[in-house]
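Asks: Before anything else, here's the structure in question.
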Amino acid sequence: MPYLLAFACAVVAYLIGSINFAVIFANAFLKKDVRKLGSGNAGTTNVMRTAGFLPGALTFICDALKGFVACFIGKAVFTYFLPDTVPWIYVAYLCGVACMLGHVFPIFFQFKGGKGVATSVGIYSVCCPIAIIIGLAVFALMVLISKIVSLSSLIATVTVITLSIVFYNYSANIIIPALLSIAMGTIVFLKHKDNIKRLVKGEEKRLKFGGKKNG
């Protein structure tokens with residue numbers, strides 16, 4: 001029963017993750033599919049670059065919020081209803097992976113989603129708040145230094161994954177949460193493969209947001 005409920009929570013988390021706010025807000029402001037504009041990525045940065053700050057900010061907030069809600073559902077169910085079965089942190093991380101997969105491969109949007117960075121902010125707000133607080137600080141610092149969002153995101157991702165293990169609550173076995181956390185980091189890196197190629201070549205675009213509407 002607990003394992004079936006954990007699976008059900010993961011399914012719900014995937015469906016929540018599949019709500020792609022980049023597509024929704026870009027369409028609301030531009031009447032266009034953001035996946036056909038700019039970099040083609042359905043994420044915060046591309047929305048900001050093509051539609052402007054407001055839709056980009058809304059995308060970030062809502063993507064982070066869906067990660068939070070997805071993981072909090074798992075935490076709440078196994079904290080308040082089944083506290084002596086599966087450790088809630090296992091289910092929260094499982095929901096995190098499911099939500100991120102929904103964000104990257106959204107069933108509601110032809111399985112073409114974003115890269116999972118903003119969603120991970122909400123996920124780790126539940127799973128390991130201290131890791132995401134430090135990770136956001138690292139991201140902001142790297143943006144100021146490099147002006148490259150993708151590089152900053154990747155460095156922040158490594159920081160968060162590492163710290164989520166370092167600051168893990170050892171009341172439960174660390175192996176499962178560590179593997180699930182690494183899986184989320186792997187998803188982010190795989191989705192940034194083209195960015196990594198451009199970074200290696202020195203061709204990655206530097207930060208430049210605006211409200212210019214690309215055709």
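Starting from 1 in every chain, residues are counted up; chains themselves are A, B, ... following the order of the structure tokens, and ligands are numbered from 1 as listed.
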Name the residues of range 56-213 of chain A that come out as helix (DSSP H, G or I) in a backbone DSSP run; write them as a count of residues only.
Replies: 119
Asks: Excluding Ser150 in chain A and its own-chain neighbours fewer than 2 positions away, which residues fall within 12 Å of it when counting only C-alpha atoms? Please give them as a ChimeraX atom specification.
Replies: /A:39,41,43-46,115-117,139-140,142-143,146-148,152-157,188-189,191-199,203-207
Asks: Let me see the file: selected residues, N, CA, C and O atoms, as a short mmCIF file (atom, residue, chain, number, x, y, z; two decimals), in the first residue's frame.
Replies:
data_model
loop_
_atom_site.label_atom_id
_atom_site.label_comp_id
_atom_site.auth_asym_id
_atom_site.auth_seq_id
_atom_site.Cartn_x
_atom_site.Cartn_y
_atom_site.Cartn_z
N SER A 39 16.06 30.41 -28.60
CA SER A 39 16.81 29.16 -28.50
C SER A 39 15.93 27.94 -28.71
O SER A 39 16.43 26.83 -28.90
N ASN A 41 14.02 26.74 -26.41
CA ASN A 41 13.80 26.09 -25.13
C ASN A 41 12.58 26.67 -24.43
O ASN A 41 12.37 27.88 -24.42
N GLY A 43 11.71 27.53 -21.44
CA GLY A 43 12.15 27.85 -20.09
C GLY A 43 12.22 29.33 -19.83
O GLY A 43 11.98 30.16 -20.72
N THR A 44 12.58 29.70 -18.62
CA THR A 44 12.58 31.09 -18.17
C THR A 44 13.43 32.01 -19.05
O THR A 44 12.98 33.07 -19.48
N THR A 45 14.67 31.61 -19.30
CA THR A 45 15.59 32.48 -20.03
C THR A 45 15.09 32.79 -21.43
O THR A 45 15.11 33.96 -21.87
N ASN A 46 14.61 31.78 -22.12
CA ASN A 46 14.13 32.02 -23.49
C ASN A 46 12.87 32.87 -23.50
O ASN A 46 12.66 33.69 -24.40
N LYS A 115 14.35 22.77 -19.35
CA LYS A 115 15.56 22.10 -18.89
C LYS A 115 15.56 21.77 -17.41
O LYS A 115 16.48 21.12 -16.92
N GLY A 116 14.57 22.24 -16.68
CA GLY A 116 14.39 21.81 -15.30
C GLY A 116 15.05 22.63 -14.22
O GLY A 116 14.94 22.30 -13.04
N VAL A 117 15.74 23.71 -14.58
CA VAL A 117 16.48 24.47 -13.58
C VAL A 117 15.53 25.18 -12.61
O VAL A 117 15.66 25.06 -11.39
N PHE A 139 24.39 30.80 -8.14
CA PHE A 139 23.88 31.15 -9.47
C PHE A 139 23.96 32.66 -9.71
O PHE A 139 24.45 33.11 -10.75
N ALA A 140 23.48 33.44 -8.74
CA ALA A 140 23.49 34.90 -8.89
C ALA A 140 24.91 35.42 -9.03
O ALA A 140 25.19 36.30 -9.87
N MET A 142 27.57 33.78 -10.14
CA MET A 142 28.13 33.37 -11.42
C MET A 142 27.55 34.19 -12.58
O MET A 142 28.24 34.49 -13.56
N VAL A 143 26.27 34.56 -12.48
CA VAL A 143 25.66 35.40 -13.52
C VAL A 143 26.35 36.75 -13.54
O VAL A 143 26.66 37.30 -14.61
N SER A 146 30.05 35.93 -14.98
CA SER A 146 30.18 35.40 -16.34
C SER A 146 29.20 35.98 -17.34
O SER A 146 29.45 35.96 -18.55
N LYS A 147 28.03 36.43 -16.85
CA LYS A 147 26.94 36.90 -17.72
C LYS A 147 26.41 35.77 -18.62
O LYS A 147 25.80 36.04 -19.64
N ILE A 148 26.67 34.52 -18.23
CA ILE A 148 26.22 33.37 -19.02
C ILE A 148 25.28 32.54 -18.15
O ILE A 148 25.70 31.91 -17.18
N SER A 152 26.11 29.41 -15.38
CA SER A 152 25.70 29.65 -14.00
C SER A 152 24.75 28.58 -13.51
O SER A 152 24.84 28.11 -12.36
N SER A 153 23.83 28.16 -14.37
CA SER A 153 22.87 27.11 -14.01
C SER A 153 23.57 25.78 -13.75
O SER A 153 23.23 25.07 -12.79
N LEU A 154 24.54 25.45 -14.57
CA LEU A 154 25.24 24.17 -14.42
C LEU A 154 26.09 24.15 -13.15
O LEU A 154 26.11 23.15 -12.43
N ILE A 155 26.76 25.25 -12.88
CA ILE A 155 27.57 25.33 -11.65
C ILE A 155 26.66 25.29 -10.43
O ILE A 155 26.96 24.60 -9.44
N ALA A 156 25.55 25.99 -10.48
CA ALA A 156 24.60 25.97 -9.37
C ALA A 156 24.01 24.58 -9.18
O ALA A 156 23.78 24.13 -8.04
N THR A 157 23.77 23.87 -10.27
CA THR A 157 23.23 22.51 -10.19
C THR A 157 24.19 21.58 -9.46
O THR A 157 23.80 20.82 -8.57
N VAL A 188 19.34 17.75 -15.88
CA VAL A 188 19.67 19.14 -16.18
C VAL A 188 20.87 19.22 -17.12
O VAL A 188 20.86 19.96 -18.11
N PHE A 189 21.90 18.43 -16.84
CA PHE A 189 23.10 18.46 -17.68
C PHE A 189 22.81 17.94 -19.08
O PHE A 189 23.30 18.50 -20.08
N LYS A 191 20.01 18.08 -20.68
CA LYS A 191 19.22 19.09 -21.38
C LYS A 191 20.07 20.30 -21.78
O LYS A 191 19.67 21.09 -22.64
N HIS A 192 21.23 20.44 -21.16
CA HIS A 192 22.14 21.54 -21.49
C HIS A 192 23.27 21.11 -22.42
O HIS A 192 24.25 21.84 -22.57
N LYS A 193 23.13 19.95 -23.05
CA LYS A 193 24.24 19.43 -23.86
C LYS A 193 24.66 20.39 -24.96
O LYS A 193 25.85 20.57 -25.24
N ASP A 194 23.69 21.03 -25.60
CA ASP A 194 24.03 21.99 -26.67
C ASP A 194 24.71 23.23 -26.09
O ASP A 194 25.63 23.78 -26.70
N ASN A 195 24.25 23.66 -24.92
CA ASN A 195 24.89 24.79 -24.25
C ASN A 195 26.33 24.46 -23.89
O ASN A 195 27.23 25.31 -24.03
N ILE A 196 26.55 23.23 -23.42
CA ILE A 196 27.90 22.81 -23.04
C ILE A 196 28.82 22.82 -24.26
O ILE A 196 29.98 23.26 -24.18
N LYS A 197 28.31 22.37 -25.40
CA LYS A 197 29.11 22.39 -26.63
C LYS A 197 29.49 23.82 -26.99
O LYS A 197 30.63 24.09 -27.39
N ARG A 198 28.53 24.75 -26.86
CA ARG A 198 28.81 26.15 -27.19
C ARG A 198 29.77 26.77 -26.17
O ARG A 198 30.61 27.60 -26.53
N LEU A 199 29.65 26.36 -24.91
CA LEU A 199 30.57 26.86 -23.89
C LEU A 199 32.00 26.44 -24.19
O LEU A 199 32.94 27.24 -24.06
N GLU A 203 31.15 30.00 -27.67
CA GLU A 203 30.11 30.60 -28.50
C GLU A 203 28.80 30.83 -27.75
O GLU A 203 27.83 31.30 -28.34
N GLU A 204 28.77 30.53 -26.47
CA GLU A 204 27.52 30.68 -25.72
C GLU A 204 27.17 32.15 -25.53
O GLU A 204 28.05 32.98 -25.23
N LYS A 205 25.90 32.49 -25.70
CA LYS A 205 25.45 33.87 -25.57
C LYS A 205 25.53 34.35 -24.13
O LYS A 205 25.25 33.62 -23.20
N ARG A 206 25.90 35.62 -23.99
CA ARG A 206 25.92 36.23 -22.67
C ARG A 206 24.56 36.86 -22.38
O ARG A 206 23.77 37.09 -23.29
N LEU A 207 24.33 37.11 -21.12
CA LEU A 207 23.04 37.58 -20.66
C LEU A 207 22.65 38.90 -21.32
O LEU A 207 23.38 39.87 -21.30
#
Asks: I'd like the interatomic distance between CA of Phe21 in chain A and CA of Thr79 in chain A, to a tenth of an Å.
Replies: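 So the two atoms, CA of Phe21 in chain A and CA of Thr79 in chain A, lie 29.1 Å apart.
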Asks: Restricting the calculation to only C-alpha atoms, which member of A:Phe25, A:Tyr168, A:Tyr90, A:Phe109 is positioned closest to Ala57 in chain A?
Replies: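 Of A:Phe25, A:Tyr168, A:Tyr90, A:Phe109, the one nearest Ala57 in chain A, counting only C-alpha atoms, is A:Phe25.
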Asks: Show me, as an MDAnalysis selection string, the residues that have an atom within 12 Å of Ile165 in chain A when counting only C-alpha atoms, minus same-chain residues fewer than 2 positions from it.
Replies: chainID A and resid 124 127:128 130:131 158:163 167:170 173:182
Asks: Give me the residues within 12 Å of Gly114 in chain A as a PDB file with C-alpha atoms, in the first residue's frame, counting only C-alpha atoms and dropping any in the same chain fewer than 3 places off.
Replies:
ATOM      1  CA  GLY A  17       5.485  19.030 -13.939  1.00  0.00           C
ATOM      2  CA  SER A  18       3.881  18.682 -17.358  1.00  0.00           C
ATOM      3  CA  ILE A  19       2.166  22.057 -16.971  1.00  0.00           C
ATOM      4  CA  ASN A  20       4.609  24.086 -19.054  1.00  0.00           C
ATOM      5  CA  PHE A  21       4.358  27.707 -17.973  1.00  0.00           C
ATOM      6  CA  ALA A  22       6.911  28.904 -20.522  1.00  0.00           C
ATOM      7  CA  VAL A  23       4.581  27.854 -23.323  1.00  0.00           C
ATOM      8  CA  VAL A  34       8.190  29.914 -27.327  1.00  0.00           C
ATOM      9  CA  ARG A  35       9.626  26.619 -28.584  1.00  0.00           C
ATOM     10  CA  SER A  39      16.814  29.159 -28.501  1.00  0.00           C
ATOM     11  CA  GLY A  40      13.692  27.022 -28.807  1.00  0.00           C
ATOM     12  CA  ASN A  41      13.800  26.091 -25.133  1.00  0.00           C
ATOM     13  CA  ALA A  42      10.577  26.229 -23.125  1.00  0.00           C
ATOM     14  CA  GLY A  43      12.154  27.846 -20.090  1.00  0.00           C
ATOM     15  CA  THR A  44      12.579  31.093 -18.174  1.00  0.00           C
ATOM     16  CA  THR A  45      15.591  32.477 -20.030  1.00  0.00           C
ATOM     17  CA  ASN A  46      14.126  32.022 -23.485  1.00  0.00           C
ATOM     18  CA  VAL A  47      10.817  33.525 -22.399  1.00  0.00           C
ATOM     19  CA  THR A  59       7.488  31.478 -15.814  1.00  0.00           C
ATOM     20  CA  PHE A  60      10.263  31.153 -13.229  1.00  0.00           C
ATOM     21  CA  ASP A  63       7.919  26.546 -12.620  1.00  0.00           C
ATOM     22  CA  CYS A  99       8.075  16.475 -11.683  1.00  0.00           C
ATOM     23  CA  MET A 100      11.310  17.269 -13.494  1.00  0.00           C
ATOM     24  CA  LEU A 101      10.612  14.556 -16.065  1.00  0.00           C
ATOM     25  CA  GLY A 102       7.182  16.098 -16.547  1.00  0.00           C
ATOM     26  CA  HIS A 103       8.774  19.499 -17.066  1.00  0.00           C
ATOM     27  CA  VAL A 104      11.296  18.160 -19.575  1.00  0.00           C
ATOM     28  CA  PHE A 105       8.863  15.790 -21.293  1.00  0.00           C
ATOM     29  CA  PRO A 106       5.401  17.323 -20.697  1.00  0.00           C
ATOM     30  CA  PHE A 109       2.798  19.776 -24.689  1.00  0.00           C
ATOM     31  CA  PHE A 111       6.746  16.003 -24.686  1.00  0.00           C
ATOM     32  CA  VAL A 117      16.481  24.474 -13.576  1.00  0.00           C
ATOM     33  CA  ALA A 118      13.630  26.650 -12.277  1.00  0.00           C
ATOM     34  CA  THR A 119      11.598  23.580 -11.339  1.00  0.00           C
ATOM     35  CA  SER A 120      14.507  22.272  -9.276  1.00  0.00           C
ATOM     36  CA  ILE A 187      18.659  15.479 -16.418  1.00  0.00           C
ATOM     37  CA  VAL A 188      19.668  19.143 -16.177  1.00  0.00           C
ATOM     38  CA  LEU A 190      21.696  16.338 -20.512  1.00  0.00           C
ATOM     39  CA  LYS A 191      19.225  19.085 -21.384  1.00  0.00           C
ATOM     40  CA  HIS A 192      22.137  21.543 -21.492  1.00  0.00           C
TER      41      HIS A 192
END
Asks: Using only C-alpha atoms for the distances, tell me which of A:Ile24, A:Ala172, A:Leu54, A:Leu82 is nearest to Gly113 in chain A.
Replies: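 Among the listed residues, the smallest separation from Gly113 in chain A belongs to A:Ile24.
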Asks: Within 10 Å of Gly74 in chain A, counting only C-alpha atoms, which residues show up once you throw out same-chain ones fewer than 4 positions away? Write them as an MDAnalysis selection string, please.
Replies: chainID A and resid 5:10 12:13 69:70 78:79 88:96 126
